[in-house]
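Structure file protein-v9.cif (mmCIF, C-alpha atoms and all ligand atoms) is printed below.
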```cif
data_my_file
loop_
_atom_site.label_atom_id
_atom_site.label_comp_id
_atom_site.auth_asym_id
_atom_site.auth_seq_id
_atom_site.Cartn_x
_atom_site.Cartn_y
_atom_site.Cartn_z
CA MET S 1 11.99 -68.69 37.32
CA LYS S 2 12.05 -71.89 35.12
CA ILE S 3 15.56 -73.07 34.16
CA LYS S 4 15.73 -73.83 30.42
CA GLU S 5 19.30 -75.12 29.99
CA LYS S 6 21.65 -76.96 32.34
CA LEU S 7 24.42 -74.44 33.00
CA THR S 8 27.27 -74.70 35.47
CA ALA S 9 27.82 -71.70 37.75
CA TYR S 10 30.87 -70.76 35.67
CA GLN S 11 29.00 -70.95 32.34
CA TYR S 12 26.03 -68.99 33.70
CA LEU S 13 28.14 -66.21 35.22
CA LEU S 14 30.28 -65.93 32.09
CA LYS S 15 27.19 -65.79 29.87
CA ASP S 16 24.78 -63.79 31.92
CA LYS S 17 26.18 -61.83 34.86
CA LEU S 18 29.94 -61.38 34.50
CA SER S 19 30.74 -61.30 30.82
CA GLY S 20 33.83 -59.55 29.50
CA ASP S 21 37.52 -59.67 30.34
CA LYS S 22 37.24 -57.25 33.28
CA ASN S 23 35.32 -59.90 35.22
CA ARG S 24 37.70 -62.81 34.62
CA GLU S 25 39.44 -62.45 37.99
CA LEU S 26 36.14 -62.23 39.91
CA ILE S 27 34.79 -65.35 38.17
CA ALA S 28 38.05 -67.13 38.99
CA LEU S 29 37.78 -66.03 42.63
CA LEU S 30 34.21 -67.40 42.82
CA LYS S 31 35.53 -70.68 41.37
CA ASP S 32 38.18 -70.81 44.13
CA ILE S 33 35.38 -70.47 46.68
CA LYS S 34 33.38 -73.15 44.89
CA LEU S 35 36.32 -75.58 45.04
CA ALA S 36 36.70 -75.16 48.81
CA ALA S 37 32.92 -75.47 49.24
CA ARG S 38 32.97 -78.86 47.49
CA GLN S 39 35.79 -80.00 49.77
CA VAL S 40 33.96 -78.77 52.89
CA ALA S 41 30.77 -80.55 51.78
CA LYS S 42 32.73 -83.79 51.46
CA GLU S 43 34.33 -83.33 54.89
CA LEU S 44 30.93 -82.66 56.47
CA ASN S 45 29.32 -85.68 54.87
CA SER S 46 32.00 -88.02 56.19
CA ALA S 47 32.71 -86.21 59.52
CA THR S 48 30.98 -88.72 61.77
CA LEU S 49 32.81 -91.62 60.08
CA ASN S 50 36.17 -89.81 60.15
CA ASN S 51 35.75 -88.71 63.76
CA THR S 52 36.16 -85.02 62.84
CA ILE S 53 32.94 -84.18 64.66
CA GLY S 54 33.17 -82.36 68.01
CA ASP S 55 35.16 -79.62 69.72
CA LEU S 56 38.83 -78.91 69.22
CA SER S 57 39.90 -79.78 72.78
CA GLY S 58 38.50 -76.69 74.52
CA LYS S 59 39.96 -74.16 72.02
CA LYS S 60 38.03 -70.89 71.79
CA ASN S 61 38.00 -68.40 68.89
CA THR S 62 38.42 -64.62 69.06
CA HIS S 63 34.78 -64.36 70.13
CA GLY S 64 35.20 -66.79 73.04
CA GLU S 65 33.16 -69.44 71.19
CA GLU S 66 34.00 -73.19 71.28
CA VAL S 67 35.99 -74.08 68.13
CA LYS S 68 34.83 -77.24 66.40
CA LYS S 69 37.35 -79.46 64.58
CA LEU S 70 35.48 -78.78 61.35
CA ASP S 71 35.72 -75.00 61.86
CA ILE S 72 39.48 -75.35 61.46
CA VAL S 73 39.21 -77.84 58.59
CA ALA S 74 36.85 -75.51 56.69
CA ASN S 75 38.96 -72.43 57.48
CA ASN S 76 42.11 -74.11 56.17
CA LEU S 77 40.39 -75.33 53.00
CA PHE S 78 39.12 -71.83 52.11
CA ILE S 79 42.46 -70.22 52.93
CA LYS S 80 44.33 -72.77 50.80
CA SER S 81 42.00 -72.42 47.81
CA LEU S 82 41.96 -68.60 47.98
CA GLU S 83 45.73 -68.31 48.48
CA ASN S 84 46.63 -70.82 45.73
CA GLY S 85 44.00 -69.38 43.39
CA GLY S 86 45.82 -66.04 43.32
CA ASN S 87 42.59 -64.10 42.78
CA CYS S 88 42.41 -62.59 46.27
CA ALA S 89 44.97 -60.41 48.11
CA GLY S 90 43.89 -61.35 51.61
CA ILE S 91 41.07 -62.39 53.91
CA VAL S 92 39.28 -61.68 57.16
CA SER S 93 38.05 -64.95 58.65
CA GLU S 94 35.87 -65.54 61.69
CA GLU S 95 38.47 -68.15 62.70
CA LYS S 96 41.43 -65.76 62.59
CA ASP S 97 41.99 -62.92 65.09
CA LYS S 98 43.88 -60.81 62.55
CA VAL S 99 43.68 -60.11 58.81
CA LEU S 100 45.58 -62.66 56.65
CA ILE S 101 47.43 -61.03 53.74
CA PHE S 102 48.61 -63.45 51.04
CA ASN S 103 52.25 -62.81 50.25
CA ASN S 104 52.71 -64.70 47.00
CA GLU S 105 53.56 -62.80 43.82
CA VAL S 106 50.18 -63.30 42.10
CA SER S 107 47.88 -62.65 45.09
CA ARG S 108 49.70 -59.47 46.06
CA SER S 109 48.39 -57.65 42.99
CA SER S 110 44.89 -59.16 43.05
CA LYS S 111 41.96 -56.74 42.88
CA TYR S 112 39.89 -58.49 45.55
CA LEU S 113 39.58 -59.10 49.31
CA VAL S 114 37.37 -61.72 50.97
CA CYS S 115 35.63 -61.67 54.36
CA ILE S 116 34.45 -65.14 55.32
CA ASP S 117 32.75 -67.24 57.99
CA PRO S 118 34.07 -70.61 56.83
CA LEU S 119 31.60 -72.73 58.78
CA ASP S 120 28.67 -70.84 60.26
CA GLY S 121 26.46 -72.66 62.75
CA SER S 122 29.06 -75.33 63.41
CA THR S 123 27.55 -76.13 66.83
CA ASN S 124 24.79 -77.79 64.81
CA ILE S 125 27.04 -80.23 62.96
CA ASP S 126 26.92 -82.90 65.67
CA VAL S 127 23.13 -83.07 65.31
CA ASN S 128 23.10 -83.00 61.49
CA VAL S 129 21.39 -79.62 61.17
CA PRO S 130 22.30 -77.57 58.05
CA VAL S 131 25.37 -75.34 58.41
CA GLY S 132 26.97 -72.98 55.95
CA THR S 133 29.77 -70.78 54.64
CA ILE S 134 29.13 -67.05 54.28
CA PHE S 135 31.42 -64.77 52.26
CA SER S 136 31.74 -61.21 51.07
CA VAL S 137 33.97 -59.93 48.23
CA LEU S 138 35.39 -56.39 48.33
CA LYS S 139 37.60 -54.53 45.89
CA ARG S 140 41.01 -53.59 47.19
CA PRO S 141 40.89 -49.76 47.61
CA THR S 142 44.60 -49.27 46.84
CA VAL S 143 46.35 -49.95 43.51
CA SER S 144 49.71 -50.69 45.18
CA ASP S 145 50.58 -54.32 45.92
CA LYS S 146 50.34 -53.58 49.64
CA THR S 147 47.19 -54.61 51.52
CA PHE S 148 46.35 -53.24 54.96
CA SER S 149 43.78 -54.18 57.63
CA LYS S 150 41.92 -50.92 57.04
CA ASP S 151 41.30 -52.00 53.42
CA PHE S 152 38.67 -54.45 54.77
CA LEU S 153 36.79 -51.76 56.71
CA GLN S 154 34.51 -50.83 53.82
CA VAL S 155 30.80 -50.07 54.09
CA GLY S 156 28.68 -53.03 52.98
CA SER S 157 27.25 -51.20 49.96
CA ARG S 158 30.72 -51.44 48.37
CA GLN S 159 30.66 -55.25 48.18
CA VAL S 160 31.16 -56.56 44.63
CA ALA S 161 29.81 -60.02 45.41
CA ALA S 162 28.39 -61.97 48.34
CA GLY S 163 27.21 -65.51 48.82
CA TYR S 164 26.60 -68.42 51.07
CA ILE S 165 26.83 -72.16 50.68
CA ILE S 166 24.27 -74.16 52.67
CA TYR S 167 25.36 -77.73 53.44
CA GLY S 168 21.99 -79.40 53.93
CA SER S 169 19.98 -82.14 52.24
CA SER S 170 21.73 -80.71 49.17
CA THR S 171 24.66 -78.32 48.89
CA ILE S 172 23.47 -75.02 47.43
CA TYR S 173 25.65 -72.01 46.53
CA VAL S 174 23.59 -68.79 46.66
CA LEU S 175 25.29 -65.82 45.01
CA THR S 176 24.85 -62.18 44.08
CA VAL S 177 27.26 -60.09 42.03
CA GLY S 178 24.98 -57.08 42.27
CA LYS S 179 22.65 -58.20 39.46
CA GLY S 180 20.03 -60.16 41.39
CA VAL S 181 20.39 -63.48 43.22
CA ASP S 182 20.90 -66.94 41.75
CA ALA S 183 21.56 -70.35 43.28
CA PHE S 184 23.55 -73.34 42.11
CA THR S 185 23.04 -76.87 43.42
CA LEU S 186 25.90 -79.34 43.69
CA ASP S 187 25.56 -82.52 41.63
CA PRO S 188 27.37 -84.93 43.97
CA VAL S 189 28.19 -87.36 41.17
CA VAL S 190 30.02 -84.98 38.82
CA GLN S 191 30.93 -82.59 41.68
CA GLU S 192 29.73 -79.55 39.75
CA PHE S 193 27.35 -76.74 40.80
CA TYR S 194 24.50 -76.25 38.29
CA LEU S 195 22.09 -73.31 38.06
CA SER S 196 18.98 -74.38 40.01
CA HIS S 197 17.30 -71.12 41.09
CA LYS S 198 17.41 -68.16 38.68
CA ASP S 199 16.78 -64.56 39.76
CA ILE S 200 15.39 -65.37 43.23
CA LYS S 201 12.95 -62.83 44.69
CA ILE S 202 12.08 -62.92 48.39
CA PRO S 203 8.29 -62.93 49.05
CA LYS S 204 7.16 -59.44 50.10
CA LYS S 205 5.93 -60.91 53.36
CA GLY S 206 5.78 -64.23 55.10
CA ARG S 207 4.27 -65.88 58.14
CA MET S 208 7.51 -66.98 59.82
CA TYR S 209 9.65 -65.02 62.24
CA SER S 210 13.02 -66.38 63.29
CA VAL S 211 14.47 -65.45 66.69
CA ASN S 212 15.98 -67.14 69.73
CA GLN S 213 12.89 -66.87 71.93
CA GLY S 214 15.00 -67.89 74.91
CA ASN S 215 16.45 -64.39 74.97
CA PHE S 216 12.99 -62.75 75.10
CA TYR S 217 13.40 -61.04 78.50
CA GLU S 218 16.87 -59.84 77.49
CA PHE S 219 15.59 -58.01 74.40
CA PRO S 220 14.73 -54.30 74.30
CA LEU S 221 11.04 -53.63 75.00
CA SER S 222 10.39 -52.75 71.33
CA VAL S 223 11.55 -56.23 70.24
CA GLN S 224 9.50 -57.91 72.96
CA GLU S 225 6.42 -55.98 71.78
CA TYR S 226 7.01 -57.07 68.17
CA ILE S 227 7.30 -60.76 69.21
CA ARG S 228 4.06 -60.50 71.20
CA TRP S 229 2.45 -58.91 68.11
CA CYS S 230 3.53 -61.90 66.00
CA GLU S 231 1.88 -64.24 68.53
CA GLN S 232 -1.50 -62.44 68.51
CA ASN S 233 -4.50 -63.99 66.73
CA HIS S 234 -5.35 -61.67 63.82
CA GLU S 235 -6.59 -63.60 60.82
CA LYS S 236 -6.56 -60.63 58.37
CA SER S 237 -2.80 -60.21 58.72
CA GLY S 238 -2.15 -63.96 58.87
CA ARG S 239 -1.23 -63.95 62.54
CA PRO S 240 -0.23 -65.72 64.68
CA TYR S 241 2.98 -66.17 62.70
CA SER S 242 5.06 -69.33 63.11
CA LEU S 243 8.37 -69.23 64.97
CA ARG S 244 11.11 -71.05 63.06
CA TYR S 245 14.66 -70.93 64.46
CA VAL S 246 17.38 -73.37 63.42
CA GLY S 247 20.23 -71.60 65.21
CA SER S 248 22.22 -71.59 61.97
CA MET S 249 22.04 -68.19 60.25
CA VAL S 250 22.50 -69.67 56.77
CA ALA S 251 19.57 -72.07 57.24
CA ASP S 252 17.27 -69.41 58.74
CA ILE S 253 18.10 -66.86 56.04
CA HIS S 254 17.81 -69.43 53.23
CA ARG S 255 14.29 -70.36 54.39
CA SER S 256 13.32 -66.67 54.65
CA LEU S 257 14.72 -66.00 51.15
CA LEU S 258 12.68 -68.78 49.56
CA LYS S 259 9.51 -68.76 51.70
CA GLY S 260 9.42 -65.22 53.08
CA GLY S 261 10.06 -64.32 56.70
CA LEU S 262 11.97 -62.17 59.13
CA PHE S 263 15.22 -63.16 60.83
CA ILE S 264 16.10 -61.34 64.05
CA TYR S 265 19.33 -61.24 65.97
CA SER S 266 18.80 -58.26 68.27
CA LYS S 267 21.01 -56.59 70.78
CA SER S 268 20.21 -57.68 74.32
CA LYS S 269 21.22 -57.05 77.94
CA SER S 270 24.12 -59.51 77.59
CA ALA S 271 25.02 -58.64 73.96
CA SER S 272 24.87 -54.89 73.45
CA SER S 273 25.71 -55.19 69.72
CA GLY S 274 24.05 -58.53 69.11
CA LYS S 275 26.16 -61.58 68.19
CA LEU S 276 26.52 -61.65 64.40
CA ARG S 277 29.55 -60.10 62.75
CA LEU S 278 29.14 -57.25 60.31
CA LEU S 279 31.87 -58.01 57.73
CA TYR S 280 31.27 -61.72 57.11
CA GLU S 281 27.72 -62.40 58.29
CA CYS S 282 25.48 -59.30 58.31
CA ASN S 283 26.92 -57.54 55.24
CA PRO S 284 26.93 -60.49 52.81
CA MET S 285 23.47 -61.66 53.92
CA SER S 286 22.12 -58.10 53.64
CA PHE S 287 23.57 -57.68 50.13
CA ILE S 288 21.93 -60.96 49.04
CA ILE S 289 18.55 -60.20 50.63
CA GLU S 290 18.45 -56.63 49.24
CA GLN S 291 19.34 -57.94 45.78
CA ALA S 292 16.37 -60.34 46.12
CA GLY S 293 14.05 -57.42 47.01
CA GLY S 294 14.26 -57.65 50.81
CA LEU S 295 15.51 -55.28 53.51
CA ALA S 296 18.09 -55.42 56.30
CA THR S 297 18.55 -53.01 59.19
CA ASP S 298 20.52 -52.88 62.45
CA GLY S 299 17.49 -51.39 64.18
CA LYS S 300 18.48 -47.83 63.40
CA LYS S 301 19.94 -47.84 59.86
CA ARG S 302 20.41 -49.96 56.73
CA ILE S 303 23.05 -52.61 57.44
CA LEU S 304 24.83 -51.82 54.15
CA ASP S 305 25.32 -48.21 55.30
CA VAL S 306 27.09 -49.13 58.56
CA VAL S 307 30.74 -48.05 58.45
CA PRO S 308 32.88 -50.80 60.05
CA LYS S 309 35.46 -49.75 62.65
CA THR S 310 36.98 -53.18 63.46
CA ILE S 311 37.16 -56.41 61.45
CA HIS S 312 35.16 -58.55 63.93
CA GLN S 313 32.63 -55.86 64.79
CA LYS S 314 29.15 -57.18 65.69
CA SER S 315 25.79 -55.76 64.70
CA PRO S 316 22.15 -56.34 65.56
CA ILE S 317 20.26 -57.46 62.43
CA PHE S 318 16.62 -57.53 61.33
CA ILE S 319 16.51 -58.98 57.81
CA GLY S 320 14.05 -60.52 55.37
CA SER S 321 10.78 -59.81 53.57
CA PRO S 322 10.38 -56.07 53.03
CA GLU S 323 6.88 -55.78 54.53
CA MET S 324 8.03 -57.62 57.66
CA VAL S 325 11.15 -55.48 58.12
CA LYS S 326 9.02 -52.35 57.70
CA GLN S 327 6.60 -53.75 60.30
CA ILE S 328 9.25 -54.37 62.94
CA ASN S 329 10.79 -50.98 62.15
CA LYS S 330 7.55 -49.38 63.39
CA PHE S 331 8.10 -51.05 66.78
CA LEU S 332 11.84 -50.24 66.84
CA LYS S 333 11.22 -46.59 65.99
CA SER S 334 8.39 -46.30 68.53
CA ARG S 335 11.00 -46.70 71.26
CA LEU S 336 14.06 -45.64 69.22
CA PHE S 337 15.18 -49.30 69.51
CA ASN S 338 15.64 -49.17 73.28
P1 LIG P 401 22.16 -68.26 69.35
C1 LIG P 401 25.77 -69.81 65.00
O1 LIG P 401 26.57 -69.96 66.16
C2 LIG P 401 25.49 -68.32 64.82
O2 LIG P 401 26.68 -67.63 64.63
C3 LIG P 401 24.53 -68.10 63.67
O3 LIG P 401 24.69 -69.01 62.64
C4 LIG P 401 23.17 -68.23 64.33
O4 LIG P 401 22.17 -67.48 63.70
C5 LIG P 401 23.43 -67.70 65.74
O5 LIG P 401 24.83 -67.85 65.98
C6 LIG P 401 22.69 -68.46 66.78
O6 LIG P 401 22.99 -67.85 68.03
O7 LIG P 401 22.66 -67.27 70.40
O8 LIG P 401 20.69 -68.06 69.07
O9 LIG P 401 22.52 -69.68 69.63
#
```
structure tokens encoding of this file:
Amino acid sequence: MKIKEKLTAYQYLLKDKLSGDKNRELIALLKDIKLAARQVAKELNSATLNNTIGDLSGKKNTHGEEVKKLDIVANNLFIKSLENGGNCAGIVSEEKDKVLIFNNEVSRSSKYLVCIDPLDGSTNIDVNVPVGTIFSVLKRPTVSDKTFSKDFLQVGSRQVAAGYIIYGSSTIYVLTVGKGVDAFTLDPVVQEFYLSHKDIKIPKKGRMYSVNQGNFYEFPLSVQEYIRWCEQNHEKSGRPYSLRYVGSMVADIHRSLLKGGLFIYSKSKSASSGKLRLLYECNPMSFIIEQAGGLATDGKKRILDVVPKTIHQKSPIFIGSPEMVKQINKFLKSRLFN
């Protein structure tokens, strides 16, 4: 949709999506995230020069994955901005084993909780491939000033906001507050995010599927059959489709959102629940894609209906253009996703 006036993210949200006093704290929280995103973008752009590229001397995170120096830098920047902003009572972060509850006076009574992957796809940083931040905003379920781990275990349909920042050729902040999807592009000179994509709608179908083909023989038969179907020559349905896989969820989802497509991270013989985490990867991306007219399933049910049991719980995910998700669902149901 054509942008008529140059609005900052704050001005646009205040005017169009989050007007009224009741939304002041949520707008302020989204500004806290924006601040940290600007700082992360700056760190990424100068990483090679500042020697902050590379692994953190063999350290592994709660998922047994190599921790990059920038994973910690990004995690600390988001924690600092969210804690000092006072608009969030606590966070779940991919980089922290346990929930982090903010104990300062203001944060304790905040209405919101944040689940965040501070730097998704960080293995790609060394080769200058786009990476991103993914976040989900929940309302605190209790009115007391006490926050508990279980407060984060909310079904994805209860999210009040979700977004990602993609640090690529430009830095773009994609956001939904439950009233469609908009995107804001960072002007590096004035360091402000301006509305650049209004009311984004995902194409009903596309010709790109996004999966790590290397896991093909590990996938359930139904997923293998779908991939083979994508490869078949069938002009009427636009096949063969093109395989596009960056290995950075934010980049693969962003392309699917704008161009149409299907992103797959299936369960497999070595990953019985897939790899991507429900609270801070699958849920926020599913909220965004559904708000843009797409679909997202775990192979059996809507991602946003999955009730979380643990904060780092993983989930298979099939997400993107609605016609493409419906198509793979036919294969998944034909073998009850086995
Ligand atoms: P694989 C990055 O490590 C990540 O968490 C996502 O950003 C990405 O989609 C996925 O893992 C890639 O995983 O197993 O294909 O390398």
Q) Can you tell me how far atom CA of Leu14 of chain S sits from atom CA of Leu29 of chain S, in Å to one decimal? A)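 For atom CA of Leu14 of chain S relative to atom CA of Leu29 of chain S, the distance reads 12.9 Å.
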Q: Select all residues near (50.4, -56.5, 40.6) (cut-off 10 Å, inclusive, file coordinates), counting all atoms listed in the file, and output them as a PyMOL selection string.
A: chain S and resi 105-111+143-146
Q: Just give me the residues with any atom within 10 Å of (5.9, -61.6, 49.3), file coordinates, counting all atoms listed in the file, written as an MDAnalysis selection string.
A: chainID S and resid 201:207 258:261 293:294 321:324
**Q.** Shortest interatomic distance to Thr147 of chain S - which of S:Ile134, S:Val246, S:Leu100, S:Ala74, counting only C-alpha atoms
**A.**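 Smallest distance to Thr147 of chain S is found for S:Leu100.
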Q: May I ask which of the residues S:Ile317, S:Leu243, S:Val174, S:Met249 is the closest one to ligand LIG 401 (chain P), counting only C-alpha atoms and all ligand atoms?
A: S:Met249
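The environment of Asn283 of chain S within 7 Å, counting only C-alpha atoms and disregarding residues fewer than 6 places along the same chain, consists of Gly156, Ile303 and Leu304 of chain S.
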Q) Pick the closest to Lys96 of chain S from S:Leu195, S:Leu153, S:Ile116, S:Leu82: which is it, counting only C-alpha atoms? A)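 Checking each of S:Leu195, S:Leu153, S:Ile116, S:Leu82 against Lys96 of chain S, counting only C-alpha atoms, the winner is S:Ile116.
Taking only C-alpha atoms and all ligand atoms into account, ligand LIG 401 (chain P) lies nearest to S:His63 out of the set S:Lys330, S:Arg158, S:Lys236, S:His63.
Counting all atoms listed in the file, the residue from S:Ser270, S:Ser242, S:Asn61, S:Thr297 that sits nearest to His312 of chain S is S:Asn61.
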Q. Hey, which residues come within 8 Å of ligand LIG 401 (chain P) if we count all atoms listed in the file? Could you give them as a list in words?
A.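 So, counting all atoms listed in the file, the residues near ligand LIG 401 (chain P) are Asp120, Gly121, Ser122, Thr123, Val131, Val211, Asn212, Val246, Gly247, Ser248, Met249, Val250, Asp252, Tyr265, Lys275 and Leu276 of chain S.
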Q: List the neighbours of Val160 of chain S out to 6 Å using all atoms listed in the file; skip same-chain residues closer than 6 positions along the sequence, and give me the result as a ChimeraX atom specification.
A: /S:137-138,177
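For the atom pair formed by atom CA of Val99 of chain S and atom CA of Ser149 of chain S, the distance is 6.0 Å, given to one decimal.
Remark: for Ser169 of chain S, the closest of the candidate residues S:Asn103, S:Ser237, S:Asn45, S:Thr133 is S:Asn45 (distances computed over all atoms listed in the file).
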